[in-house]
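Chemist: Pasting target24.cif below, which is mmCIF, N, CA and C atoms.
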data_target
loop_
_atom_site.label_atom_id
_atom_site.label_comp_id
_atom_site.auth_asym_id
_atom_site.auth_seq_id
_atom_site.Cartn_x
_atom_site.Cartn_y
_atom_site.Cartn_z
N GLU A 181 -9.08 16.54 -18.60
CA GLU A 181 -8.46 17.83 -18.81
C GLU A 181 -8.89 18.75 -17.67
N PHE A 182 -7.95 19.61 -17.23
CA PHE A 182 -8.25 20.60 -16.21
C PHE A 182 -8.21 21.98 -16.83
N LYS A 183 -9.17 22.79 -16.48
CA LYS A 183 -9.22 24.17 -16.96
C LYS A 183 -9.22 25.11 -15.77
N GLY A 184 -8.56 26.26 -15.96
CA GLY A 184 -8.51 27.23 -14.87
C GLY A 184 -7.92 28.53 -15.34
N ASP A 185 -7.58 29.35 -14.36
CA ASP A 185 -7.04 30.68 -14.66
C ASP A 185 -5.96 31.01 -13.63
N ASN A 186 -4.84 31.55 -14.10
CA ASN A 186 -3.74 31.96 -13.21
C ASN A 186 -3.28 30.84 -12.29
N GLY A 187 -3.20 29.62 -12.80
CA GLY A 187 -2.71 28.48 -12.03
C GLY A 187 -3.71 27.88 -11.06
N ALA A 188 -4.94 28.35 -11.06
CA ALA A 188 -5.97 27.81 -10.17
C ALA A 188 -6.98 27.03 -11.00
N VAL A 189 -7.23 25.79 -10.61
CA VAL A 189 -8.20 24.96 -11.32
C VAL A 189 -9.61 25.50 -11.11
N GLN A 190 -10.42 25.43 -12.16
CA GLN A 190 -11.81 25.84 -12.07
C GLN A 190 -12.76 24.75 -12.54
N GLN A 191 -12.25 23.90 -13.46
CA GLN A 191 -13.09 22.83 -14.01
C GLN A 191 -12.25 21.60 -14.34
N ALA A 192 -12.91 20.45 -14.27
CA ALA A 192 -12.34 19.20 -14.77
C ALA A 192 -13.25 18.73 -15.89
N VAL A 193 -12.65 18.42 -17.05
CA VAL A 193 -13.41 17.96 -18.20
C VAL A 193 -13.16 16.46 -18.35
N LEU A 194 -14.23 15.66 -18.25
CA LEU A 194 -14.11 14.21 -18.34
C LEU A 194 -13.99 13.77 -19.78
N SER A 195 -13.61 12.52 -20.00
CA SER A 195 -13.41 12.01 -21.35
C SER A 195 -14.69 12.01 -22.18
N ASP A 196 -15.85 11.98 -21.54
CA ASP A 196 -17.11 12.02 -22.29
C ASP A 196 -17.60 13.45 -22.53
N GLY A 197 -16.78 14.45 -22.13
CA GLY A 197 -17.14 15.84 -22.35
C GLY A 197 -17.85 16.50 -21.18
N THR A 198 -18.21 15.72 -20.18
CA THR A 198 -18.86 16.28 -19.00
C THR A 198 -17.90 17.26 -18.31
N VAL A 199 -18.42 18.43 -17.94
CA VAL A 199 -17.61 19.45 -17.26
C VAL A 199 -18.04 19.52 -15.80
N LEU A 200 -17.06 19.39 -14.91
CA LEU A 200 -17.31 19.46 -13.47
C LEU A 200 -16.61 20.69 -12.91
N ASP A 201 -17.33 21.54 -12.19
CA ASP A 201 -16.71 22.66 -11.51
C ASP A 201 -15.84 22.11 -10.39
N ALA A 202 -14.68 22.73 -10.19
CA ALA A 202 -13.76 22.24 -9.17
C ALA A 202 -12.93 23.38 -8.61
N ASP A 203 -12.77 23.40 -7.29
CA ASP A 203 -11.87 24.34 -6.63
C ASP A 203 -10.52 23.70 -6.37
N ILE A 204 -10.54 22.38 -6.26
CA ILE A 204 -9.33 21.62 -5.98
C ILE A 204 -9.46 20.25 -6.63
N VAL A 205 -8.35 19.66 -7.01
CA VAL A 205 -8.35 18.33 -7.62
C VAL A 205 -7.30 17.49 -6.89
N VAL A 206 -7.69 16.31 -6.47
CA VAL A 206 -6.76 15.35 -5.89
C VAL A 206 -6.57 14.26 -6.93
N LEU A 207 -5.35 14.03 -7.34
CA LEU A 207 -5.06 13.08 -8.39
C LEU A 207 -4.29 11.90 -7.81
N GLY A 208 -4.89 10.71 -7.87
CA GLY A 208 -4.22 9.49 -7.42
C GLY A 208 -3.86 8.66 -8.63
N ILE A 209 -2.57 8.45 -8.84
CA ILE A 209 -2.14 7.77 -10.06
C ILE A 209 -1.62 6.35 -9.83
N GLY A 210 -1.58 5.94 -8.59
CA GLY A 210 -1.12 4.58 -8.30
C GLY A 210 0.38 4.51 -8.13
N VAL A 211 0.83 3.33 -7.78
CA VAL A 211 2.24 3.12 -7.51
C VAL A 211 2.73 1.95 -8.35
N VAL A 212 3.86 2.15 -8.98
CA VAL A 212 4.47 1.08 -9.77
C VAL A 212 5.85 0.82 -9.18
N PRO A 213 6.16 -0.42 -8.82
CA PRO A 213 7.47 -0.70 -8.23
C PRO A 213 8.59 -0.52 -9.26
N ALA A 214 9.72 -0.02 -8.81
CA ALA A 214 10.88 0.19 -9.69
C ALA A 214 11.69 -1.10 -9.74
N THR A 215 11.17 -2.10 -10.46
CA THR A 215 11.83 -3.41 -10.51
C THR A 215 12.22 -3.83 -11.92
N ASP A 216 12.16 -2.92 -12.87
CA ASP A 216 12.51 -3.28 -14.26
C ASP A 216 13.89 -3.92 -14.36
N PHE A 217 14.82 -3.48 -13.53
CA PHE A 217 16.19 -4.01 -13.58
C PHE A 217 16.24 -5.50 -13.23
N LEU A 218 15.16 -6.05 -12.67
CA LEU A 218 15.13 -7.47 -12.29
C LEU A 218 14.53 -8.37 -13.37
N LYS A 219 14.03 -7.80 -14.45
CA LYS A 219 13.30 -8.59 -15.46
C LYS A 219 14.10 -9.75 -16.02
N GLU A 220 15.37 -9.62 -16.21
CA GLU A 220 16.20 -10.70 -16.78
C GLU A 220 17.03 -11.42 -15.71
N SER A 221 16.73 -11.18 -14.44
CA SER A 221 17.55 -11.72 -13.35
C SER A 221 17.18 -13.13 -12.93
N GLY A 222 15.98 -13.56 -13.30
CA GLY A 222 15.49 -14.85 -12.82
C GLY A 222 14.61 -14.72 -11.60
N VAL A 223 14.61 -13.55 -10.94
CA VAL A 223 13.73 -13.32 -9.80
C VAL A 223 12.30 -13.19 -10.32
N GLN A 224 11.39 -13.95 -9.72
CA GLN A 224 10.00 -13.97 -10.16
C GLN A 224 9.32 -12.64 -9.84
N LEU A 225 8.69 -12.05 -10.87
CA LEU A 225 7.93 -10.82 -10.73
C LEU A 225 6.47 -11.09 -11.08
N THR A 226 5.57 -10.36 -10.44
CA THR A 226 4.16 -10.46 -10.80
C THR A 226 3.92 -9.66 -12.08
N GLN A 227 2.74 -9.76 -12.63
CA GLN A 227 2.39 -8.98 -13.82
C GLN A 227 2.53 -7.49 -13.56
N ARG A 228 2.29 -7.08 -12.32
CA ARG A 228 2.39 -5.65 -11.97
C ARG A 228 3.81 -5.24 -11.62
N GLY A 229 4.75 -6.19 -11.61
CA GLY A 229 6.15 -5.86 -11.37
C GLY A 229 6.62 -6.03 -9.94
N PHE A 230 5.78 -6.60 -9.07
CA PHE A 230 6.20 -6.83 -7.69
C PHE A 230 7.01 -8.12 -7.60
N VAL A 231 7.96 -8.17 -6.68
CA VAL A 231 8.78 -9.35 -6.44
C VAL A 231 7.98 -10.30 -5.55
N THR A 232 7.88 -11.55 -5.97
CA THR A 232 7.16 -12.56 -5.19
C THR A 232 8.11 -13.18 -4.17
N VAL A 233 7.68 -13.18 -2.89
CA VAL A 233 8.47 -13.80 -1.83
C VAL A 233 7.59 -14.73 -1.02
N ASP A 234 8.26 -15.60 -0.23
CA ASP A 234 7.52 -16.49 0.67
C ASP A 234 7.46 -15.85 2.07
N LYS A 235 7.02 -16.61 3.06
CA LYS A 235 6.87 -16.07 4.41
C LYS A 235 8.20 -15.70 5.07
N GLN A 236 9.29 -16.22 4.55
CA GLN A 236 10.62 -15.89 5.08
C GLN A 236 11.28 -14.77 4.26
N MET A 237 10.53 -14.17 3.34
CA MET A 237 10.98 -13.08 2.48
C MET A 237 12.01 -13.55 1.44
N LYS A 238 11.99 -14.86 1.16
CA LYS A 238 12.88 -15.43 0.14
C LYS A 238 12.22 -15.35 -1.23
N THR A 239 12.98 -15.01 -2.22
CA THR A 239 12.50 -15.05 -3.60
C THR A 239 12.64 -16.47 -4.11
N ASN A 240 12.33 -16.68 -5.37
CA ASN A 240 12.49 -17.99 -5.98
C ASN A 240 13.95 -18.30 -6.32
N VAL A 241 14.85 -17.33 -6.17
CA VAL A 241 16.27 -17.53 -6.44
C VAL A 241 16.98 -17.79 -5.11
N SER A 242 17.68 -18.90 -5.02
CA SER A 242 18.35 -19.30 -3.79
C SER A 242 19.27 -18.19 -3.27
N GLY A 243 19.12 -17.86 -1.99
CA GLY A 243 19.98 -16.87 -1.35
C GLY A 243 19.59 -15.42 -1.61
N VAL A 244 18.49 -15.20 -2.33
CA VAL A 244 18.05 -13.83 -2.63
C VAL A 244 16.76 -13.54 -1.86
N PHE A 245 16.81 -12.49 -1.08
CA PHE A 245 15.68 -12.05 -0.28
C PHE A 245 15.21 -10.69 -0.79
N ALA A 246 13.95 -10.37 -0.53
CA ALA A 246 13.43 -9.05 -0.90
C ALA A 246 12.45 -8.61 0.18
N ALA A 247 12.30 -7.30 0.32
CA ALA A 247 11.43 -6.77 1.37
C ALA A 247 10.92 -5.39 0.97
N GLY A 248 9.87 -4.96 1.64
CA GLY A 248 9.38 -3.60 1.47
C GLY A 248 8.31 -3.45 0.41
N ASP A 249 8.21 -2.23 -0.10
CA ASP A 249 7.14 -1.87 -1.03
C ASP A 249 7.15 -2.67 -2.33
N ILE A 250 8.28 -3.27 -2.70
CA ILE A 250 8.36 -3.96 -4.00
C ILE A 250 7.89 -5.41 -3.95
N VAL A 251 7.52 -5.91 -2.77
CA VAL A 251 7.19 -7.33 -2.67
C VAL A 251 5.70 -7.61 -2.55
N GLU A 252 5.32 -8.79 -3.00
CA GLU A 252 4.05 -9.41 -2.64
C GLU A 252 4.41 -10.62 -1.81
N PHE A 253 3.79 -10.72 -0.64
CA PHE A 253 4.13 -11.76 0.32
C PHE A 253 2.85 -12.38 0.87
N PRO A 254 2.93 -13.60 1.42
CA PRO A 254 1.74 -14.25 1.99
C PRO A 254 1.34 -13.55 3.30
N LEU A 255 0.25 -12.82 3.26
CA LEU A 255 -0.22 -12.07 4.42
C LEU A 255 -1.19 -12.94 5.20
N PHE A 256 -0.84 -13.28 6.43
CA PHE A 256 -1.63 -14.26 7.21
C PHE A 256 -3.06 -13.78 7.45
N ILE A 257 -3.31 -12.48 7.59
CA ILE A 257 -4.69 -12.03 7.82
C ILE A 257 -5.48 -11.94 6.52
N ASN A 258 -4.84 -12.29 5.42
CA ASN A 258 -5.51 -12.36 4.11
C ASN A 258 -5.44 -13.80 3.60
N ASP A 259 -5.57 -14.76 4.51
CA ASP A 259 -5.53 -16.19 4.18
C ASP A 259 -4.27 -16.59 3.43
N ASP A 260 -3.15 -15.94 3.78
CA ASP A 260 -1.84 -16.20 3.17
C ASP A 260 -1.82 -15.95 1.67
N GLN A 261 -2.75 -15.14 1.19
CA GLN A 261 -2.70 -14.76 -0.23
C GLN A 261 -1.57 -13.74 -0.43
N GLN A 262 -0.94 -13.79 -1.60
CA GLN A 262 0.11 -12.84 -1.92
C GLN A 262 -0.50 -11.44 -1.87
N SER A 263 0.11 -10.56 -1.09
CA SER A 263 -0.42 -9.22 -0.87
C SER A 263 0.72 -8.22 -0.91
N ASN A 264 0.40 -7.00 -1.27
CA ASN A 264 1.37 -5.91 -1.27
C ASN A 264 0.85 -4.84 -0.32
N VAL A 265 1.65 -4.52 0.69
CA VAL A 265 1.28 -3.51 1.68
C VAL A 265 2.40 -2.47 1.71
N GLN A 266 2.09 -1.27 1.29
CA GLN A 266 3.12 -0.24 1.17
C GLN A 266 3.07 0.74 2.34
N HIS A 267 3.38 0.22 3.53
CA HIS A 267 3.46 1.02 4.75
C HIS A 267 4.85 0.81 5.33
N TRP A 268 5.40 1.85 5.92
CA TRP A 268 6.75 1.72 6.47
C TRP A 268 6.83 0.62 7.53
N GLN A 269 5.76 0.43 8.28
CA GLN A 269 5.76 -0.58 9.34
C GLN A 269 5.97 -1.97 8.76
N MET A 270 5.33 -2.26 7.63
CA MET A 270 5.51 -3.58 7.01
C MET A 270 6.90 -3.71 6.41
N ALA A 271 7.41 -2.64 5.81
CA ALA A 271 8.78 -2.67 5.26
C ALA A 271 9.78 -2.96 6.39
N HIS A 272 9.56 -2.36 7.54
CA HIS A 272 10.41 -2.60 8.71
C HIS A 272 10.35 -4.07 9.11
N GLN A 273 9.15 -4.62 9.19
CA GLN A 273 8.99 -6.03 9.55
C GLN A 273 9.64 -6.94 8.50
N HIS A 274 9.43 -6.62 7.23
CA HIS A 274 10.03 -7.42 6.15
C HIS A 274 11.55 -7.47 6.31
N GLY A 275 12.15 -6.30 6.53
CA GLY A 275 13.61 -6.27 6.68
C GLY A 275 14.09 -7.10 7.84
N ARG A 276 13.39 -7.01 8.96
CA ARG A 276 13.73 -7.79 10.15
C ARG A 276 13.62 -9.29 9.87
N ILE A 277 12.51 -9.69 9.25
CA ILE A 277 12.29 -11.12 8.96
C ILE A 277 13.32 -11.63 7.96
N ALA A 278 13.59 -10.84 6.92
CA ALA A 278 14.61 -11.23 5.93
C ALA A 278 15.96 -11.42 6.61
N ALA A 279 16.35 -10.48 7.47
CA ALA A 279 17.65 -10.57 8.15
C ALA A 279 17.74 -11.82 9.03
N LEU A 280 16.69 -12.09 9.80
CA LEU A 280 16.70 -13.28 10.65
C LEU A 280 16.88 -14.54 9.81
N ASN A 281 16.18 -14.61 8.69
CA ASN A 281 16.29 -15.80 7.83
C ASN A 281 17.65 -15.89 7.15
N MET A 282 18.24 -14.76 6.80
CA MET A 282 19.60 -14.77 6.25
C MET A 282 20.59 -15.32 7.26
N LEU A 283 20.31 -15.09 8.54
CA LEU A 283 21.18 -15.58 9.61
C LEU A 283 20.86 -17.02 10.02
N GLY A 284 19.93 -17.65 9.29
CA GLY A 284 19.59 -19.04 9.58
C GLY A 284 18.57 -19.21 10.69
N LYS A 285 17.97 -18.13 11.14
CA LYS A 285 16.95 -18.20 12.19
C LYS A 285 15.58 -18.17 11.52
N THR A 286 15.10 -19.34 11.12
CA THR A 286 13.87 -19.45 10.34
C THR A 286 12.71 -18.76 11.07
N THR A 287 12.18 -17.71 10.43
CA THR A 287 11.12 -16.90 11.00
C THR A 287 10.17 -16.48 9.89
N ALA A 288 8.88 -16.65 10.12
CA ALA A 288 7.88 -16.24 9.13
C ALA A 288 7.36 -14.84 9.47
N VAL A 289 7.05 -14.09 8.43
CA VAL A 289 6.44 -12.77 8.64
C VAL A 289 5.00 -12.99 9.13
N ARG A 290 4.68 -12.32 10.22
CA ARG A 290 3.34 -12.44 10.80
C ARG A 290 3.05 -11.15 11.55
N SER A 291 2.76 -10.12 10.79
CA SER A 291 2.51 -8.80 11.35
C SER A 291 1.23 -8.24 10.76
N VAL A 292 0.44 -7.57 11.57
CA VAL A 292 -0.78 -6.93 11.09
C VAL A 292 -0.40 -5.52 10.61
N PRO A 293 -0.70 -5.19 9.36
CA PRO A 293 -0.37 -3.86 8.86
C PRO A 293 -1.13 -2.78 9.64
N TYR A 294 -0.44 -1.67 9.91
CA TYR A 294 -1.11 -0.52 10.52
C TYR A 294 -0.41 0.75 10.08
N PHE A 295 -1.12 1.83 10.10
CA PHE A 295 -0.51 3.15 9.91
C PHE A 295 -1.40 4.18 10.57
N TRP A 296 -0.87 5.35 10.75
CA TRP A 296 -1.63 6.45 11.30
C TRP A 296 -1.09 7.75 10.74
N THR A 297 -1.90 8.76 10.80
CA THR A 297 -1.49 10.09 10.39
C THR A 297 -2.36 11.09 11.13
N VAL A 298 -2.01 12.34 11.05
CA VAL A 298 -2.82 13.41 11.62
C VAL A 298 -3.10 14.42 10.51
N MET A 299 -4.38 14.68 10.29
CA MET A 299 -4.80 15.66 9.29
C MET A 299 -5.80 16.60 9.94
N TYR A 300 -5.57 17.88 9.78
CA TYR A 300 -6.47 18.90 10.32
C TYR A 300 -6.68 18.71 11.82
N GLY A 301 -5.63 18.28 12.50
CA GLY A 301 -5.71 18.10 13.94
C GLY A 301 -6.43 16.84 14.39
N LYS A 302 -6.78 15.99 13.44
CA LYS A 302 -7.48 14.74 13.76
C LYS A 302 -6.58 13.55 13.44
N SER A 303 -6.57 12.58 14.31
CA SER A 303 -5.78 11.38 14.11
C SER A 303 -6.58 10.38 13.27
N VAL A 304 -5.93 9.83 12.26
CA VAL A 304 -6.52 8.78 11.45
C VAL A 304 -5.66 7.53 11.65
N ARG A 305 -6.29 6.45 12.10
CA ARG A 305 -5.55 5.21 12.38
C ARG A 305 -6.19 4.07 11.60
N TYR A 306 -5.34 3.22 11.06
CA TYR A 306 -5.81 2.10 10.25
C TYR A 306 -5.05 0.85 10.66
N THR A 307 -5.76 -0.22 10.87
CA THR A 307 -5.15 -1.50 11.20
C THR A 307 -5.83 -2.57 10.37
N GLY A 308 -5.04 -3.44 9.76
CA GLY A 308 -5.59 -4.55 8.99
C GLY A 308 -5.21 -4.48 7.53
N TYR A 309 -6.02 -5.12 6.74
CA TYR A 309 -5.77 -5.17 5.30
C TYR A 309 -7.12 -5.21 4.61
N GLY A 310 -7.40 -4.22 3.81
CA GLY A 310 -8.68 -4.12 3.13
C GLY A 310 -8.51 -3.83 1.66
N PRO A 311 -8.37 -4.86 0.84
CA PRO A 311 -8.17 -4.63 -0.60
C PRO A 311 -9.41 -4.07 -1.29
N GLY A 312 -10.53 -4.09 -0.63
CA GLY A 312 -11.78 -3.56 -1.17
C GLY A 312 -12.71 -3.26 -0.01
N TYR A 313 -13.85 -2.73 -0.29
CA TYR A 313 -14.79 -2.45 0.78
C TYR A 313 -16.20 -2.47 0.23
N ASP A 314 -17.16 -2.64 1.11
CA ASP A 314 -18.57 -2.65 0.75
C ASP A 314 -19.29 -1.41 1.23
N ASP A 315 -18.82 -0.85 2.34
CA ASP A 315 -19.52 0.25 2.97
C ASP A 315 -18.53 1.24 3.58
N ILE A 316 -18.93 2.47 3.67
CA ILE A 316 -18.22 3.47 4.44
C ILE A 316 -19.18 3.91 5.54
N VAL A 317 -18.74 3.79 6.80
CA VAL A 317 -19.58 4.14 7.93
C VAL A 317 -18.92 5.31 8.65
N ILE A 318 -19.64 6.40 8.78
CA ILE A 318 -19.14 7.57 9.49
C ILE A 318 -20.10 7.87 10.63
N HIS A 319 -19.54 8.02 11.81
CA HIS A 319 -20.32 8.39 13.00
C HIS A 319 -19.97 9.84 13.32
N GLY A 320 -20.96 10.72 13.23
CA GLY A 320 -20.72 12.11 13.57
C GLY A 320 -20.86 13.04 12.38
N ASP A 321 -20.23 14.19 12.49
CA ASP A 321 -20.35 15.25 11.50
C ASP A 321 -18.98 15.56 10.89
N VAL A 322 -18.77 15.14 9.64
CA VAL A 322 -17.49 15.34 8.97
C VAL A 322 -17.19 16.82 8.80
N ALA A 323 -18.17 17.61 8.38
CA ALA A 323 -17.97 19.05 8.16
C ALA A 323 -17.49 19.75 9.43
N ALA A 324 -17.97 19.31 10.57
CA ALA A 324 -17.58 19.91 11.84
C ALA A 324 -16.31 19.27 12.42
N LEU A 325 -15.75 18.30 11.70
CA LEU A 325 -14.59 17.53 12.17
C LEU A 325 -14.85 16.86 13.51
N GLN A 326 -16.08 16.42 13.69
CA GLN A 326 -16.48 15.68 14.89
C GLN A 326 -17.04 14.32 14.45
N PHE A 327 -16.14 13.41 14.16
CA PHE A 327 -16.59 12.12 13.61
C PHE A 327 -15.61 11.02 13.94
N ALA A 328 -16.07 9.80 13.74
CA ALA A 328 -15.23 8.62 13.93
C ALA A 328 -15.48 7.69 12.78
#
Rewrite the structure from the file as structure tokens, please.

Modeler:
Amino acid sequence: EFKGDNGAVQQAVLSDGTVLDADIVVLGIGVVPATDFLKESGVQLTQRGFVTVDKQMKTNVSGVFAAGDIVEFPLFINDDQQSNVQHWQMAHQHGRIAALNMLGKTTAVRSVPYFWTVMYGKSVRYTGYGPGYDDIVIHGDVAALQFA
């Protein structure tokens, strides 16, 4: 629960009753693919609702391809484990690979995910695939925006 005054948050109340003072709240709720319409289609979906494809972006249904945020595909830098990467760059690659395979030009997806953004005048760049992490390493002073 969030408590505040005049539309400004002042506290977050946790489920155990703990009250945390807060000036701002960032809420991450996750992403659910909009694939309910495929449930009775025969196209294989994961428990989370993602469409399963192979390296050529083919589904389990002959002649049906899928690409983008709704798919789990064998990611070569993740030992070809089924992975979901929701970056525009991967969606672009998926579409390209799917189109080539539709045209009979057998091509496997083999792209390293990357994205970048600029926040507060600082560039943030990410390359690879990290479904989890063990450590956060910061070099410099975050408060002064002088860090890597």

Chemist: From a DSSP pass on the backbone, collect the residues of chain A flagged as strand (DSSP E or B) and hand them back as a ChimeraX atom specification.

Modeler: /A:182-185,188-193,199-201,225,231-232,238,245,251-255,261-263,294-299,302-307,320-321,326-327

Chemist: Determine the nearest neighbour of A:Lys285 from the options A:Gln236, A:Asp185, A:Gly308, A:Asp203, counting only C-alpha atoms.

Modeler: A:Gln236

Chemist: At a cut-off of 6.5 Å, using only N, CA and C atoms, what residues contact stretch 293-298 of chain A? Leave out same-chain residues fewer than 4 positions from it and give the result as a list in words.

Modeler: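 Close residues of stretch 293-298 of chain A: Gln269, Met270, Lys302, Ser303, Val304, Arg305, Tyr306, Thr307, Gly308 and Tyr309 of chain A.
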
Chemist: Go ahead and write the selection's residues with N, CA and C atoms as a PDB file, keeping the file's coordinate frame.

Modeler:
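Listed below is the output, again05.pdb:
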ATOM      1  N   GLN A 269       5.760   0.430   8.280  1.00  0.00           N
ATOM      2  CA  GLN A 269       5.760  -0.580   9.340  1.00  0.00           C
ATOM      3  C   GLN A 269       5.970  -1.970   8.760  1.00  0.00           C
ATOM      4  N   MET A 270       5.330  -2.260   7.630  1.00  0.00           N
ATOM      5  CA  MET A 270       5.510  -3.580   7.010  1.00  0.00           C
ATOM      6  C   MET A 270       6.900  -3.710   6.410  1.00  0.00           C
ATOM      7  N   LYS A 302      -6.780  15.990  13.440  1.00  0.00           N
ATOM      8  CA  LYS A 302      -7.480  14.740  13.760  1.00  0.00           C
ATOM      9  C   LYS A 302      -6.580  13.550  13.440  1.00  0.00           C
ATOM     10  N   SER A 303      -6.570  12.580  14.310  1.00  0.00           N
ATOM     11  CA  SER A 303      -5.780  11.380  14.110  1.00  0.00           C
ATOM     12  C   SER A 303      -6.580  10.380  13.270  1.00  0.00           C
ATOM     13  N   VAL A 304      -5.930   9.830  12.260  1.00  0.00           N
ATOM     14  CA  VAL A 304      -6.520   8.780  11.450  1.00  0.00           C
ATOM     15  C   VAL A 304      -5.660   7.530  11.650  1.00  0.00           C
ATOM     16  N   ARG A 305      -6.290   6.450  12.100  1.00  0.00           N
ATOM     17  CA  ARG A 305      -5.550   5.210  12.380  1.00  0.00           C
ATOM     18  C   ARG A 305      -6.190   4.070  11.600  1.00  0.00           C
ATOM     19  N   TYR A 306      -5.340   3.220  11.060  1.00  0.00           N
ATOM     20  CA  TYR A 306      -5.810   2.100  10.250  1.00  0.00           C
ATOM     21  C   TYR A 306      -5.050   0.850  10.660  1.00  0.00           C
ATOM     22  N   THR A 307      -5.760  -0.220  10.870  1.00  0.00           N
ATOM     23  CA  THR A 307      -5.150  -1.500  11.200  1.00  0.00           C
ATOM     24  C   THR A 307      -5.830  -2.570  10.370  1.00  0.00           C
ATOM     25  N   GLY A 308      -5.040  -3.440   9.760  1.00  0.00           N
ATOM     26  CA  GLY A 308      -5.590  -4.550   8.990  1.00  0.00           C
ATOM     27  C   GLY A 308      -5.210  -4.480   7.530  1.00  0.00           C
ATOM     28  N   TYR A 309      -6.020  -5.120   6.740  1.00  0.00           N
ATOM     29  CA  TYR A 309      -5.770  -5.170   5.300  1.00  0.00           C
ATOM     30  C   TYR A 309      -7.120  -5.210   4.610  1.00  0.00           C
TER      31      TYR A 309
END

Chemist: Mind giving me the straight-line distance from atom CA of A:Ala202 to atom CA of A:Gly184 in Å, one decimal?

Modeler: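 Separation of atom CA of A:Ala202 and atom CA of A:Gly184: 9.2 Å.
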
Chemist: Suppose a student applies the PyMOL selection byres ((chain A and resi 230) around 6.5) to this structure; what residues should they get, written as an mmCIF file with N, CA and C atoms, in the frame of the given file?

Modeler:
data_model
loop_
_atom_site.group_PDB
_atom_site.id
_atom_site.type_symbol
_atom_site.label_atom_id
_atom_site.label_comp_id
_atom_site.auth_asym_id
_atom_site.auth_seq_id
_atom_site.Cartn_x
_atom_site.Cartn_y
_atom_site.Cartn_z
ATOM 1 N N PRO A 213 6.160 -0.420 -8.820
ATOM 2 C CA PRO A 213 7.470 -0.700 -8.230
ATOM 3 C C PRO A 213 8.590 -0.520 -9.260
ATOM 4 N N GLN A 224 11.390 -13.950 -9.720
ATOM 5 C CA GLN A 224 10.000 -13.970 -10.160
ATOM 6 C C GLN A 224 9.320 -12.640 -9.840
ATOM 7 N N LEU A 225 8.690 -12.050 -10.870
ATOM 8 C CA LEU A 225 7.930 -10.820 -10.730
ATOM 9 C C LEU A 225 6.470 -11.090 -11.080
ATOM 10 N N THR A 226 5.570 -10.360 -10.440
ATOM 11 C CA THR A 226 4.160 -10.460 -10.800
ATOM 12 C C THR A 226 3.920 -9.660 -12.080
ATOM 13 N N GLN A 227 2.740 -9.760 -12.630
ATOM 14 C CA GLN A 227 2.390 -8.980 -13.820
ATOM 15 C C GLN A 227 2.530 -7.490 -13.560
ATOM 16 N N ARG A 228 2.290 -7.080 -12.320
ATOM 17 C CA ARG A 228 2.390 -5.650 -11.970
ATOM 18 C C ARG A 228 3.810 -5.240 -11.620
ATOM 19 N N GLY A 229 4.750 -6.190 -11.610
ATOM 20 C CA GLY A 229 6.150 -5.860 -11.370
ATOM 21 C C GLY A 229 6.620 -6.030 -9.940
ATOM 22 N N VAL A 231 7.960 -8.170 -6.680
ATOM 23 C CA VAL A 231 8.780 -9.350 -6.440
ATOM 24 C C VAL A 231 7.980 -10.300 -5.550
ATOM 25 N N THR A 232 7.880 -11.550 -5.970
ATOM 26 C CA THR A 232 7.160 -12.560 -5.190
ATOM 27 C C THR A 232 8.110 -13.180 -4.170
ATOM 28 N N ILE A 250 8.280 -3.270 -2.700
ATOM 29 C CA ILE A 250 8.360 -3.960 -4.000
ATOM 30 C C ILE A 250 7.890 -5.410 -3.950
ATOM 31 N N VAL A 251 7.520 -5.910 -2.770
ATOM 32 C CA VAL A 251 7.190 -7.330 -2.670
ATOM 33 C C VAL A 251 5.700 -7.610 -2.550
ATOM 34 N N GLU A 252 5.320 -8.790 -3.000
ATOM 35 C CA GLU A 252 4.050 -9.410 -2.640
ATOM 36 C C GLU A 252 4.410 -10.620 -1.810
#

Chemist: Could you give me, as an mmCIF file with N, CA and C atoms, in the coordinates of the input, the residues within 7 Å of A:Ala271, counting all atoms listed in the file and dropping anything in the same chain fewer than 5 positions from it?

Modeler:
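What landed in part24.cif:
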data_model
loop_
_atom_site.group_PDB
_atom_site.id
_atom_site.type_symbol
_atom_site.label_atom_id
_atom_site.label_comp_id
_atom_site.auth_asym_id
_atom_site.auth_seq_id
_atom_site.Cartn_x
_atom_site.Cartn_y
_atom_site.Cartn_z
ATOM 1 N N ALA A 247 12.300 -7.300 0.320
ATOM 2 C CA ALA A 247 11.430 -6.770 1.370
ATOM 3 C C ALA A 247 10.920 -5.390 0.970
ATOM 4 N N GLY A 248 9.870 -4.960 1.640
ATOM 5 C CA GLY A 248 9.380 -3.600 1.470
ATOM 6 C C GLY A 248 8.310 -3.450 0.410
ATOM 7 N N ASP A 249 8.210 -2.230 -0.100
ATOM 8 C CA ASP A 249 7.140 -1.870 -1.030
ATOM 9 C C ASP A 249 7.150 -2.670 -2.330
ATOM 10 N N VAL A 265 1.650 -4.520 0.690
ATOM 11 C CA VAL A 265 1.280 -3.510 1.680
ATOM 12 C C VAL A 265 2.400 -2.470 1.710
ATOM 13 N N GLN A 266 2.090 -1.270 1.290
ATOM 14 C CA GLN A 266 3.120 -0.240 1.170
ATOM 15 C C GLN A 266 3.070 0.740 2.340
ATOM 16 N N ARG A 276 13.390 -7.010 8.960
ATOM 17 C CA ARG A 276 13.730 -7.790 10.150
ATOM 18 C C ARG A 276 13.620 -9.290 9.870
#

Chemist: In Å, with one decimal, what is the gap from atom C of A:Gln273 to atom CA of A:Asn258?

Modeler: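 Rounded to one decimal, the two atoms are 16.7 Å apart.
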
Chemist: How far is it from atom CA of A:Gln191 to atom CA of A:Val206, in Å with one decimal?

Modeler: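 That distance, rounded to one decimal, is 12.7 Å.
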
Chemist: Taking the DSSP secondary structure from the backbone, can you list the residues of stretch 235-277 of chain A that are helix (DSSP H, G or I), as an NGL selection string?

Modeler: :A and (248-250 or 256-258 or 268-277)

Chemist: What box, with edges along x, y and z, holds each listed atom of stretch 318-327 of chain A when 5 Å is added on every side, and can you state its centre and edge lengths in Å to one decimal, as AutoDock Vina command-line options?

Modeler:
--center_x -17.8 --center_y 13.2 --center_z 11.5 --size_x 16.4 --size_y 23.5 --size_z 16.7

Chemist: Using only C-alpha atoms for the distances, tell me which of A:Lys235, A:Asn240, A:Gly301, A:Phe256 is nearest to A:Asn281.

Modeler: A:Lys235
